[in-house]
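S.K.: So that you have it, the file is final30.txt, and it contains compact mmCIF, C-alpha atoms:
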# COMPACT_ATOMS: atom_id res chain seq x y z
CA MET A 1 -7.03 38.91 -60.98
CA LYS A 2 -5.49 40.17 -57.74
CA LYS A 3 -1.78 39.80 -57.17
CA ILE A 4 -0.84 39.65 -53.51
CA ALA A 5 2.75 39.71 -52.27
CA VAL A 6 3.62 38.36 -48.83
CA ALA A 7 6.90 39.82 -47.60
CA SER A 8 8.63 40.53 -44.28
CA GLY A 9 12.24 41.63 -44.22
CA LYS A 10 13.13 39.31 -41.35
CA GLY A 11 13.26 35.59 -42.05
CA GLY A 12 11.09 33.18 -40.11
CA THR A 13 8.29 35.63 -39.33
CA GLY A 14 5.63 33.52 -41.04
CA LYS A 15 5.53 34.48 -44.72
CA THR A 16 5.10 30.90 -45.82
CA THR A 17 2.63 30.16 -43.03
CA PHE A 18 0.49 33.10 -44.06
CA SER A 19 0.87 32.48 -47.81
CA VAL A 20 -0.19 28.86 -47.43
CA LEU A 21 -3.07 29.77 -45.12
CA LEU A 22 -4.23 32.43 -47.56
CA SER A 23 -3.95 30.11 -50.56
CA LYS A 24 -5.70 27.20 -48.89
CA VAL A 25 -8.59 29.31 -47.61
CA LEU A 26 -9.11 31.40 -50.76
CA SER A 27 -8.97 28.30 -52.98
CA LYS A 28 -12.17 27.06 -51.30
CA LYS A 29 -14.03 29.73 -53.27
CA TYR A 30 -11.60 31.04 -55.86
CA ARG A 31 -8.97 29.86 -58.28
CA VAL A 32 -5.58 30.51 -56.67
CA HIS A 33 -2.01 30.35 -57.96
CA LEU A 34 0.58 30.30 -55.19
CA ILE A 35 4.08 31.18 -56.36
CA ASP A 36 6.92 30.45 -53.97
CA CYS A 37 9.45 33.12 -54.90
CA ASP A 38 12.09 32.00 -52.42
CA VAL A 39 14.08 30.19 -55.09
CA GLU A 40 17.05 29.65 -52.81
CA GLU A 41 15.10 27.80 -50.15
CA PRO A 42 11.56 27.11 -51.34
CA ASN A 43 9.27 25.44 -48.83
CA CYS A 44 5.58 26.12 -49.63
CA HIS A 45 5.41 22.72 -51.33
CA LEU A 46 6.22 20.99 -48.03
CA PHE A 47 2.83 22.11 -46.68
CA LEU A 48 0.76 21.27 -49.74
CA ASN A 49 1.11 17.57 -50.37
CA PHE A 50 3.24 18.31 -53.42
CA LYS A 51 4.36 15.30 -55.45
CA GLU A 52 7.29 15.91 -57.75
CA GLU A 53 6.34 12.98 -60.01
CA PHE A 54 2.97 14.60 -60.78
CA SER A 55 4.38 18.03 -61.48
CA GLU A 56 5.66 19.74 -64.61
CA ARG A 57 9.38 20.36 -64.45
CA GLU A 58 11.51 22.60 -66.65
CA ASP A 59 15.03 23.92 -66.78
CA ILE A 60 15.34 27.64 -66.16
CA THR A 61 18.07 29.21 -68.27
CA VAL A 62 19.56 32.63 -68.77
CA PHE A 63 21.29 34.19 -71.76
CA THR A 64 24.99 33.63 -72.14
CA PRO A 65 27.02 34.84 -75.14
CA GLU A 66 28.27 32.32 -77.72
CA ILE A 67 30.85 33.70 -80.08
CA ASP A 68 30.93 32.48 -83.67
CA PRO A 69 34.63 32.19 -84.62
CA GLU A 70 33.73 32.29 -88.36
CA LYS A 71 32.28 35.78 -88.06
CA CYS A 72 34.36 37.25 -85.22
CA ASP A 73 37.25 39.51 -86.17
CA TYR A 74 38.46 39.93 -82.57
CA CYS A 75 37.81 43.66 -82.40
CA GLY A 76 37.14 43.34 -78.67
CA LYS A 77 34.07 45.59 -78.57
CA CYS A 78 32.09 42.96 -76.65
CA VAL A 79 34.84 42.78 -74.01
CA GLU A 80 34.93 46.57 -73.73
CA VAL A 81 31.20 46.99 -73.29
CA CYS A 82 30.83 44.33 -70.58
CA ARG A 83 30.77 46.25 -67.33
CA PHE A 84 30.59 42.98 -65.40
CA LYS A 85 33.86 41.78 -66.94
CA ALA A 86 32.31 38.48 -67.95
CA LEU A 87 34.25 38.34 -71.23
CA LEU A 88 37.96 38.43 -71.80
CA LEU A 89 39.94 38.17 -75.02
CA ALA A 90 43.35 36.53 -74.76
CA ASP A 91 45.08 36.15 -78.09
CA LYS A 92 42.07 35.18 -80.20
CA THR A 93 40.53 33.07 -77.45
CA PHE A 94 37.44 34.23 -75.60
CA ILE A 95 37.24 33.40 -71.92
CA LYS A 96 33.76 33.54 -70.44
CA PHE A 97 33.08 34.05 -66.75
CA ASP A 98 29.52 32.76 -66.64
CA GLU A 99 28.83 33.67 -63.03
CA LEU A 100 29.78 37.30 -63.70
CA CYS A 101 27.43 37.65 -66.69
CA HIS A 102 24.18 39.53 -66.00
CA SER A 103 22.61 38.50 -69.33
CA CYS A 104 22.23 42.12 -70.45
CA LYS A 105 23.09 41.21 -74.09
CA GLY A 106 25.24 44.33 -74.47
CA CYS A 107 27.76 42.13 -76.31
CA ILE A 108 25.17 41.23 -78.97
CA PHE A 109 24.20 44.87 -79.30
CA VAL A 110 27.72 46.20 -79.95
CA CYS A 111 29.10 43.41 -82.16
CA PRO A 112 29.55 44.89 -85.67
CA LYS A 113 29.83 41.43 -87.26
CA GLY A 114 26.83 39.75 -85.69
CA ALA A 115 29.20 37.18 -84.26
CA VAL A 116 27.66 37.00 -80.78
CA LYS A 117 24.88 34.44 -80.59
CA GLU A 118 22.30 33.73 -77.92
CA GLY A 119 23.45 30.83 -75.80
CA LYS A 120 21.70 29.38 -72.78
CA ARG A 121 22.96 28.54 -69.34
CA LYS A 122 20.96 26.58 -66.80
CA VAL A 123 20.49 28.38 -63.49
CA GLY A 124 17.81 26.25 -61.89
CA GLU A 125 14.67 24.17 -62.23
CA GLY A 126 11.06 25.28 -62.15
CA PHE A 127 8.10 23.22 -60.96
CA PHE A 128 4.40 23.64 -61.59
CA SER A 129 1.79 21.49 -59.91
CA GLU A 130 -1.95 21.29 -59.55
CA ILE A 131 -2.54 20.79 -55.82
CA HIS A 132 -6.29 20.57 -56.39
CA LYS A 133 -8.64 21.88 -59.03
CA ASN A 134 -8.59 25.41 -57.57
CA LEU A 135 -5.06 25.60 -56.24
CA PHE A 136 -1.89 25.71 -58.31
CA LEU A 137 1.66 25.90 -57.04
CA SER A 138 4.85 27.08 -58.76
CA PHE A 139 8.30 27.18 -57.30
CA ALA A 140 11.91 26.97 -58.43
CA ARG A 141 15.18 25.64 -57.17
CA MET A 142 18.26 27.65 -57.97
CA THR A 143 21.32 25.60 -58.92
CA VAL A 144 23.85 25.57 -56.09
CA SER A 145 26.68 28.07 -56.76
CA GLN A 146 24.46 30.45 -58.74
CA ALA A 147 24.55 33.98 -57.39
CA ARG A 148 21.45 35.65 -58.81
CA PRO A 149 17.92 34.54 -57.87
CA THR A 150 16.12 37.28 -59.81
CA PRO A 151 16.08 35.53 -63.22
CA LEU A 152 14.34 32.54 -61.63
CA ILE A 153 11.77 34.75 -59.92
CA SER A 154 11.03 36.60 -63.13
CA GLU A 155 10.67 33.26 -64.95
CA LEU A 156 8.14 32.09 -62.33
CA LYS A 157 6.22 35.34 -62.70
CA SER A 158 6.10 35.00 -66.47
CA LYS A 159 4.04 31.82 -66.10
CA ILE A 160 1.11 32.95 -64.02
CA ASP A 161 -2.08 30.94 -64.41
CA LYS A 162 -4.17 33.31 -66.53
CA LYS A 163 -7.47 32.12 -65.11
CA ALA A 164 -6.46 32.62 -61.47
CA ASP A 165 -8.56 34.96 -59.34
CA PHE A 166 -5.73 35.33 -56.86
CA VAL A 167 -1.99 35.10 -57.34
CA ILE A 168 -0.06 34.85 -54.08
CA PHE A 169 3.67 35.59 -54.17
CA ASP A 170 5.52 34.18 -51.16
CA SER A 171 8.54 36.51 -51.13
CA PRO A 172 12.02 35.58 -49.96
CA PRO A 173 13.24 37.32 -46.79
CA GLY A 174 15.61 40.26 -46.94
CA ALA A 175 15.32 43.68 -48.49
CA SER A 176 17.23 43.57 -51.75
CA CYS A 177 16.84 42.70 -55.45
CA PRO A 178 14.88 39.42 -55.11
CA VAL A 179 12.29 41.09 -52.88
CA VAL A 180 11.96 44.05 -55.23
CA GLU A 181 11.56 41.63 -58.14
CA VAL A 182 8.62 40.04 -56.32
CA LEU A 183 6.99 43.27 -55.16
CA LYS A 184 7.11 45.08 -58.47
CA ASP A 185 4.31 43.03 -60.03
CA SER A 186 2.01 42.94 -57.02
CA ASP A 187 -1.18 44.90 -56.42
CA ARG A 188 -1.11 44.65 -52.65
CA VAL A 189 1.57 43.77 -50.12
CA PHE A 190 1.02 41.97 -46.84
CA LEU A 191 3.99 42.48 -44.55
CA VAL A 192 4.15 39.63 -42.06
CA THR A 193 5.95 40.47 -38.85
CA GLU A 194 6.45 39.15 -35.35
CA PRO A 195 6.21 41.19 -32.14
CA THR A 196 9.91 41.15 -31.29
CA PRO A 197 12.60 43.85 -31.61
CA PHE A 198 14.09 41.88 -34.54
CA GLY A 199 10.73 41.67 -36.24
CA LEU A 200 10.09 45.36 -35.74
CA TYR A 201 13.51 46.47 -36.97
CA ASP A 202 13.35 44.48 -40.20
CA LEU A 203 9.72 45.43 -40.73
CA GLY A 204 10.88 49.05 -40.76
CA ILE A 205 13.33 48.29 -43.57
CA ALA A 206 10.82 46.27 -45.59
CA PHE A 207 8.26 49.05 -45.19
CA GLU A 208 10.71 51.60 -46.61
CA ILE A 209 11.00 49.51 -49.79
CA VAL A 210 7.27 49.07 -50.15
CA LYS A 211 6.72 52.79 -49.63
CA GLU A 212 9.42 53.64 -52.17
CA MET A 213 7.62 51.40 -54.67
CA ASN A 214 4.25 53.01 -53.96
CA LYS A 215 2.55 49.75 -53.10
CA ASP A 216 -0.61 49.30 -51.07
CA VAL A 217 0.51 47.69 -47.86
CA CYS A 218 -0.94 46.29 -44.66
CA LEU A 219 0.41 44.29 -41.73
CA VAL A 220 -0.08 40.78 -40.40
CA ILE A 221 1.24 39.94 -36.92
CA ASN A 222 2.29 36.34 -36.58
CA LYS A 223 3.08 34.76 -33.18
CA SER A 224 0.82 37.47 -31.82
CA GLY A 225 0.73 37.94 -28.02
CA GLU A 226 1.55 40.28 -25.16
CA ASN A 227 4.26 42.19 -27.06
CA ASP A 228 2.00 43.21 -29.96
CA PHE A 229 2.31 46.83 -28.79
CA LEU A 230 5.77 46.90 -30.47
CA ILE A 231 4.14 46.52 -33.86
CA GLU A 232 0.98 48.44 -32.98
CA ASP A 233 3.02 51.54 -32.10
CA PHE A 234 4.85 51.29 -35.42
CA ALA A 235 1.59 50.80 -37.32
CA LYS A 236 0.07 53.85 -35.69
CA LYS A 237 3.07 56.03 -36.52
CA LYS A 238 3.13 54.92 -40.14
CA LYS A 239 -0.67 54.84 -40.48
CA LEU A 240 -0.67 51.16 -41.35
CA GLU A 241 -3.54 48.79 -40.82
CA ILE A 242 -2.97 45.53 -38.95
CA VAL A 243 -5.41 43.32 -40.81
CA LEU A 244 -4.79 40.00 -39.11
CA LYS A 245 -3.18 38.47 -36.05
CA ILE A 246 -2.09 34.85 -35.97
CA PRO A 247 -1.91 33.96 -32.27
CA PHE A 248 1.24 32.47 -30.77
CA SER A 249 0.53 28.77 -30.23
CA LYS A 250 2.96 25.97 -29.44
CA GLU A 251 0.54 23.43 -30.82
CA PHE A 252 0.23 25.31 -34.13
CA ALA A 253 4.03 25.51 -34.32
CA LYS A 254 4.36 21.79 -33.65
CA LYS A 255 1.94 20.96 -36.46
CA TYR A 256 3.84 23.34 -38.72
CA SER A 257 7.07 21.47 -37.99
CA ASP A 258 5.28 18.30 -39.11
CA GLY A 259 4.38 19.97 -42.40
CA GLU A 260 0.78 20.80 -41.49
CA ILE A 261 -0.83 24.22 -41.73
CA ASP A 262 -4.50 23.88 -40.77
CA THR A 263 -6.85 26.59 -41.92
CA ASP A 264 -9.35 25.76 -39.18
CA PHE A 265 -6.85 25.61 -36.31
CA PHE A 266 -7.87 29.05 -35.04
CA PRO A 267 -11.62 29.57 -34.73
CA ASP A 268 -13.18 31.97 -37.23
CA PHE A 269 -9.85 32.21 -39.11
CA GLU A 270 -11.30 31.34 -42.51
CA ASN A 271 -13.95 34.04 -42.19
CA LYS A 272 -11.31 36.59 -41.28
CA ILE A 273 -9.29 35.68 -44.35
CA PHE A 274 -12.30 35.86 -46.66
CA ASN A 275 -13.15 39.26 -45.21
CA LEU A 276 -9.69 40.76 -45.73
CA ASP A 277 -9.57 43.67 -48.13
CA TYR A 278 -7.71 42.56 -51.27
CA SER A 279 -8.97 45.22 -53.61
CA HIS A 280 -7.46 48.60 -52.67
CA MET B 1 60.82 40.96 -68.30
CA LYS B 2 58.10 42.81 -66.46
CA ILE B 3 56.92 41.46 -63.10
CA ALA B 4 53.74 42.76 -61.43
CA VAL B 5 53.63 42.58 -57.64
CA SER B 6 50.40 43.19 -55.75
CA ALA B 7 51.18 45.74 -53.05
CA THR B 8 49.59 47.65 -50.19
CA GLY B 9 51.46 50.85 -51.15
CA GLY B 10 53.07 52.50 -54.14
CA SER B 11 56.80 51.78 -53.64
CA LEU B 12 59.44 49.05 -53.70
CA ASN B 13 59.41 49.03 -49.91
CA ALA B 14 55.63 48.53 -49.64
CA GLN B 15 54.35 45.20 -48.33
CA VAL B 16 53.20 42.55 -50.76
CA SER B 17 49.40 42.49 -50.71
CA SER B 18 47.93 39.16 -49.64
CA VAL B 19 45.26 39.50 -52.34
CA PHE B 20 45.69 39.92 -56.08
CA ALA B 21 42.58 41.36 -57.73
CA ARG B 22 41.62 43.73 -54.92
CA CYS B 23 45.04 45.01 -53.91
CA ALA B 24 45.58 48.78 -53.77
CA TYR B 25 48.61 48.97 -56.09
CA PHE B 26 50.61 46.98 -58.56
CA VAL B 27 54.32 47.65 -58.51
CA ILE B 28 55.61 46.68 -61.95
CA VAL B 29 59.32 45.86 -61.87
CA ASP B 30 61.56 45.35 -64.88
CA SER B 31 63.80 42.44 -63.88
CA GLU B 32 66.68 43.52 -66.16
CA THR B 33 67.00 47.12 -64.98
CA MET B 34 65.15 46.87 -61.63
CA LYS B 35 63.32 50.05 -62.63
CA PHE B 36 59.74 50.13 -61.51
CA GLU B 37 56.45 51.86 -62.18
CA ILE B 38 53.40 52.18 -59.93
CA MET B 39 49.90 51.40 -61.05
CA GLN B 40 46.89 52.05 -58.88
CA ASN B 41 44.69 48.98 -59.25
CA PRO B 42 41.54 50.06 -61.12
CA ALA B 43 39.82 46.80 -60.15
CA GLU B 44 40.19 47.30 -56.40
CA GLY B 45 36.72 48.66 -55.72
CA MET B 46 34.78 46.87 -58.43
CA MET B 47 31.48 45.24 -57.48
CA GLY B 48 32.34 42.08 -59.37
CA GLY B 49 34.74 40.93 -62.04
CA ALA B 50 37.80 42.33 -60.29
CA GLY B 51 39.85 39.22 -61.10
CA PRO B 52 39.48 39.32 -64.90
CA GLU B 53 39.84 43.10 -64.94
CA ALA B 54 43.04 43.17 -62.87
CA ALA B 55 44.48 40.40 -65.07
CA ARG B 56 43.61 42.34 -68.23
CA GLN B 57 45.30 45.50 -66.90
CA ILE B 58 48.43 43.54 -65.98
CA ASN B 59 48.48 41.92 -69.41
CA ASP B 60 48.01 45.26 -71.19
CA ARG B 61 51.13 46.53 -69.40
CA GLY B 62 53.11 43.64 -70.83
CA CYS B 63 53.74 41.81 -67.54
CA ARG B 64 54.64 38.13 -67.81
CA VAL B 65 54.80 37.29 -64.10
CA VAL B 66 52.54 38.10 -61.15
CA ILE B 67 53.80 37.85 -57.58
CA THR B 68 51.15 38.00 -54.87
CA GLY B 69 49.76 36.40 -51.69
CA GLN B 70 46.87 34.55 -53.22
CA VAL B 71 44.78 34.60 -56.39
CA GLY B 72 41.03 34.01 -56.73
CA PRO B 73 39.65 31.44 -59.19
CA ASN B 74 38.49 33.97 -61.81
CA ALA B 75 41.78 35.86 -61.72
CA GLN B 76 43.68 32.57 -61.94
CA ARG B 77 41.76 31.56 -65.06
CA ALA B 78 42.26 34.96 -66.66
CA LEU B 79 45.99 35.10 -65.89
CA GLU B 80 46.48 31.57 -67.19
CA SER B 81 44.72 32.37 -70.44
CA PHE B 82 47.03 35.36 -70.94
CA GLY B 83 49.95 32.98 -70.33
CA ILE B 84 51.11 34.94 -67.28
CA GLU B 85 53.10 33.04 -64.66
CA VAL B 86 51.52 33.26 -61.20
CA VAL B 87 53.62 33.09 -58.04
CA THR B 88 51.60 32.93 -54.82
CA GLY B 89 52.47 32.86 -51.13
CA ALA B 90 54.74 35.91 -51.32
CA THR B 91 55.26 38.03 -48.18
CA GLY B 92 57.54 40.88 -47.09
CA THR B 93 58.32 43.91 -49.22
CA VAL B 94 57.91 44.15 -52.98
CA LYS B 95 61.69 44.34 -53.39
CA GLU B 96 62.28 41.19 -51.32
CA ALA B 97 59.58 39.33 -53.19
CA VAL B 98 61.08 40.16 -56.58
CA GLU B 99 64.62 39.29 -55.41
CA ASN B 100 63.43 35.95 -53.99
CA TYR B 101 61.68 35.15 -57.22
CA LEU B 102 64.74 35.98 -59.35
CA LYS B 103 67.03 33.97 -57.03
CA GLN B 104 64.88 30.87 -57.46
CA LYS B 105 64.87 31.19 -61.22
Produce structure tokens that represent the structure in this file.

M.R.:
Amino acid sequence: MKKIAVASGKGGTGKTTFSVLLSKVLSKKYRVHLIDCDVEEPNCHLFLNFKEEFSEREDITVFTPEIDPEKCDYCGKCVEVCRFKALLLADKTFIKFDELCHSCKGCIFVCPKGAVKEGKRKVGEGFFSEIHKNLFLSFARMTVSQARPTPLISELKSKIDKKADFVIFDSPPGASCPVVEVLKDSDRVFLVTEPTPFGLYDLGIAFEIVKEMNKDVCLVINKSGENDFLIEDFAKKKKLEIVLKIPFSKEFAKKYSDGEIDTDFFPDFENKIFNLDYSH
Amino acid sequence: MKIAVSATGGSLNAQVSSVFARCAYFVIVDSETMKFEIMQNPAEGMMGGAGPEAARQINDRGCRVVITGQVGPNAQRALESFGIEVVTGATGTVKEAVENYLKQK
């Protein structure tokens, strides 16, 4: 099994485009599990004829402390240990600030009376769907008002199809915790960028993270055209390989906006994808 | 009765801070004697949970009233559960704010 992460730094560079292309092409020969890790705004399913009524749905929950008033002697150790200040004790009443809790379970650990129990709090919904017999899709929707996407990403990752030859993680944009959560379990990272100053700047930041995490990394230029030198210069300096260019095309973009990503739109594209180096 | 006022500085003449949980100082005034003590707000620079933490500190000092500009939802909940009265919309100096509050009592 090869685990491939598709990341970018900048939003809108083509992570989903490339992830879907990769998944569709590879699934012609291999068993592929595409995991949309952008749990705040998932969109891979829009390009894959996903039908919610034919998918498996489950609530995604995180730990939240439940205090048993029979056992609690109000010593306050759980309040003291919580560095996120998610628990407060006001005259024998516990006040819980759910959105501050990081589910570290420190409160369970320190309670001398065993009065803190494992409760559950819903933070989103997960979906799993068979797109066709060789292509499986997972994604999640974080409940509006939730602040932390990482528990949902880690939940998605815990349910990888064990028989898959390829697992493709479509990472969220940015360069913080959710991206790190995605990258940490991947064997190889494809950084998708666009030949613009924005694309280049954010690519630089994303590359720093990947380097810090000691991941194998290569570049994909989307909307490729006359300004490719911006990225090529960067690649040369950092000794990075540009493994694929997706040409800039208004027609391709128009189809994309209609929810279509065709693997045979660009001639010889499928061959190029099959010939990419996934092993490293 | 002890009154905590969120303040931008550590004196009676400091301006009332427009925020509660992330203010720089609390000026704690005893309404009977008008004596005051200064507390640097330990919650000011916290990543998260400043509201509950500031409320806890105020409660530990025995304050029963908070005078401030505005209070966030977490701080509001915490202060309420401690049974602390919350007065918002205060402006001017700490001294003026306390005097206004006592006048309206």

S.K.: Which value, in Å to one decimal, gives the distance between CA of Asp216 (chain A) and CA of Gly126 (chain A)?

M.R.: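 Computing the Euclidean distance for CA of Asp216 (chain A) and CA of Gly126 (chain A) yields 28.9 Å.
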
S.K.: Please provide the set of residues having any atom within 12 Å of Ser18 (chain B), restricted to all atoms listed in the file, with same-chain residues fewer than 3 positions apart removed, written as a PyMOL selection string.

M.R.: chain B and resi 5-8+15+21-25+67-72+87-94

S.K.: How far is it from CA of Ile38 (chain B) to CA of Phe26 (chain B), in Å with one decimal?

M.R.: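 Atom-to-atom, CA of Ile38 (chain B) and CA of Phe26 (chain B) are spaced 6.1 Å apart.
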
S.K.: To one decimal in Å, tell me the separation between CA of Ile131 (chain A) and CA of His45 (chain A).

M.R.: 9.3 Å

S.K.: Taking 5 positions as the minimum chain separation for residues in the same chain, which residues sit within 12 Å of Phe229 (chain A) when counting only C-alpha atoms? Answer as a list in words.

M.R.: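 Surrounding residues, per the criterion: Glu194, Pro195, Thr196, Pro197, Leu200, Ile221, Ser224, Phe234, Ala235, Lys236 and Ile242 of chain A.
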
S.K.: Using all atoms listed in the file, select each residue of chain B with any atom at most 8 Å away from an atom of chain A, and give the selection as number ranges by chain.

M.R.: B: 48-50, 52-53, 56, 74, 78, 81-82

S.K.: Which residues of region 45-120 of chain A have any atom within 9 Å of an atom in region 249-262 of chain A when counting only C-alpha atoms, and what is the closest pair of atoms for each, with the distance in Å to one decimal? Order the rows by chain and rising number and write it as JSON lines.

M.R.:
{"residue": "A:Leu46", "atom": "CA", "partner": "A:Gly259", "partner_atom": "CA", "distance": 6.0}
{"residue": "A:Phe47", "atom": "CA", "partner": "A:Gly259", "partner_atom": "CA", "distance": 5.0}
{"residue": "A:Leu48", "atom": "CA", "partner": "A:Glu260", "partner_atom": "CA", "distance": 8.3}
{"residue": "A:Asn49", "atom": "CA", "partner": "A:Gly259", "partner_atom": "CA", "distance": 8.9}

S.K.: Smallest atom-to-atom distance to Glu37 (chain B): which of B:Arg77, B:Lys2, B:Lys103, B:Arg64, using all atoms listed in the file?

M.R.: B:Lys2

S.K.: Write out as a ChimeraX atom specification which residues come within 8 Å of region 25-39 of chain A when counting only C-alpha atoms, dropping same-chain ones fewer than 5 positions away.

M.R.: /A:19-20,44,134-142,149,152-153,156-157,160-161,163-173,182,263,270,273-274

S.K.: Find the residue from A:Glu226, A:Phe266, A:Lys105, A:His132 that sits nearest to Lys24 (chain A); use only C-alpha atoms when measuring.

M.R.: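 Of the candidates, the smallest distance to Lys24 (chain A) is held by A:His132.
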
S.K.: When you write region 182-233 of chain A out from the block above, keep C-alpha atoms and present the result as a PDB file, in the first residue's frame, please.

M.R.:
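That gives us selection14.pdb:
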ATOM      1  CA  VAL A 182      -2.523  14.604   6.936  1.00  0.00           C
ATOM      2  CA  LEU A 183       1.166  14.540   6.047  1.00  0.00           C
ATOM      3  CA  LYS A 184       2.352  12.543   9.019  1.00  0.00           C
ATOM      4  CA  ASP A 185       0.937   9.247   7.749  1.00  0.00           C
ATOM      5  CA  SER A 186       1.940   9.641   4.110  1.00  0.00           C
ATOM      6  CA  ASP A 187       4.779   7.942   2.247  1.00  0.00           C
ATOM      7  CA  ARG A 188       5.095  10.544  -0.464  1.00  0.00           C
ATOM      8  CA  VAL A 189       3.901  14.123  -0.842  1.00  0.00           C
ATOM      9  CA  PHE A 190       2.848  15.790  -4.067  1.00  0.00           C
ATOM     10  CA  LEU A 191       2.862  19.559  -3.659  1.00  0.00           C
ATOM     11  CA  VAL A 192       0.499  21.087  -6.184  1.00  0.00           C
ATOM     12  CA  THR A 193       1.284  24.672  -7.077  1.00  0.00           C
ATOM     13  CA  GLU A 194       0.428  27.296  -9.661  1.00  0.00           C
ATOM     14  CA  PRO A 195       2.923  29.519 -11.486  1.00  0.00           C
ATOM     15  CA  THR A 196       1.990  32.775  -9.761  1.00  0.00           C
ATOM     16  CA  PRO A 197       3.762  34.764  -7.015  1.00  0.00           C
ATOM     17  CA  PHE A 198       1.042  33.640  -4.567  1.00  0.00           C
ATOM     18  CA  GLY A 199       1.509  30.030  -5.555  1.00  0.00           C
ATOM     19  CA  LEU A 200       5.266  30.281  -5.216  1.00  0.00           C
ATOM     20  CA  TYR A 201       5.186  32.019  -1.840  1.00  0.00           C
ATOM     21  CA  ASP A 202       2.842  29.496  -0.229  1.00  0.00           C
ATOM     22  CA  LEU A 203       4.669  26.603  -1.872  1.00  0.00           C
ATOM     23  CA  GLY A 204       7.780  27.784  -0.031  1.00  0.00           C
ATOM     24  CA  ILE A 205       5.953  27.556   3.302  1.00  0.00           C
ATOM     25  CA  ALA A 206       4.418  24.154   2.542  1.00  0.00           C
ATOM     26  CA  PHE A 207       7.821  22.859   1.466  1.00  0.00           C
ATOM     27  CA  GLU A 208       9.349  23.911   4.798  1.00  0.00           C
ATOM     28  CA  ILE A 209       6.809  21.739   6.626  1.00  0.00           C
ATOM     29  CA  VAL A 210       7.363  18.749   4.379  1.00  0.00           C
ATOM     30  CA  LYS A 211      11.121  19.085   4.774  1.00  0.00           C
ATOM     31  CA  GLU A 212      10.793  19.379   8.549  1.00  0.00           C
ATOM     32  CA  MET A 213       8.781  16.145   8.527  1.00  0.00           C
ATOM     33  CA  ASN A 214      11.353  14.354   6.367  1.00  0.00           C
ATOM     34  CA  LYS A 215       8.858  13.387   3.693  1.00  0.00           C
ATOM     35  CA  ASP A 216       9.604  12.455   0.111  1.00  0.00           C
ATOM     36  CA  VAL A 217       8.263  15.300  -1.949  1.00  0.00           C
ATOM     37  CA  CYS A 218       7.820  16.297  -5.577  1.00  0.00           C
ATOM     38  CA  LEU A 219       5.995  19.074  -7.401  1.00  0.00           C
ATOM     39  CA  VAL A 220       3.009  19.285  -9.709  1.00  0.00           C
ATOM     40  CA  ILE A 221       2.375  22.530 -11.605  1.00  0.00           C
ATOM     41  CA  ASN A 222      -1.282  23.170 -12.254  1.00  0.00           C
ATOM     42  CA  LYS A 223      -2.477  25.905 -14.652  1.00  0.00           C
ATOM     43  CA  SER A 224       0.923  25.471 -16.246  1.00  0.00           C
ATOM     44  CA  GLY A 225       1.976  28.062 -18.871  1.00  0.00           C
ATOM     45  CA  GLU A 226       4.404  30.841 -19.696  1.00  0.00           C
ATOM     46  CA  ASN A 227       5.189  31.687 -16.050  1.00  0.00           C
ATOM     47  CA  ASP A 228       6.335  28.173 -15.111  1.00  0.00           C
ATOM     48  CA  PHE A 229       9.860  29.553 -14.663  1.00  0.00           C
ATOM     49  CA  LEU A 230       8.716  30.918 -11.253  1.00  0.00           C
ATOM     50  CA  ILE A 231       8.292  27.382  -9.981  1.00  0.00           C
ATOM     51  CA  GLU A 232      11.116  25.889 -12.041  1.00  0.00           C
ATOM     52  CA  ASP A 233      13.634  28.273 -10.450  1.00  0.00           C
TER      53      ASP A 233
END
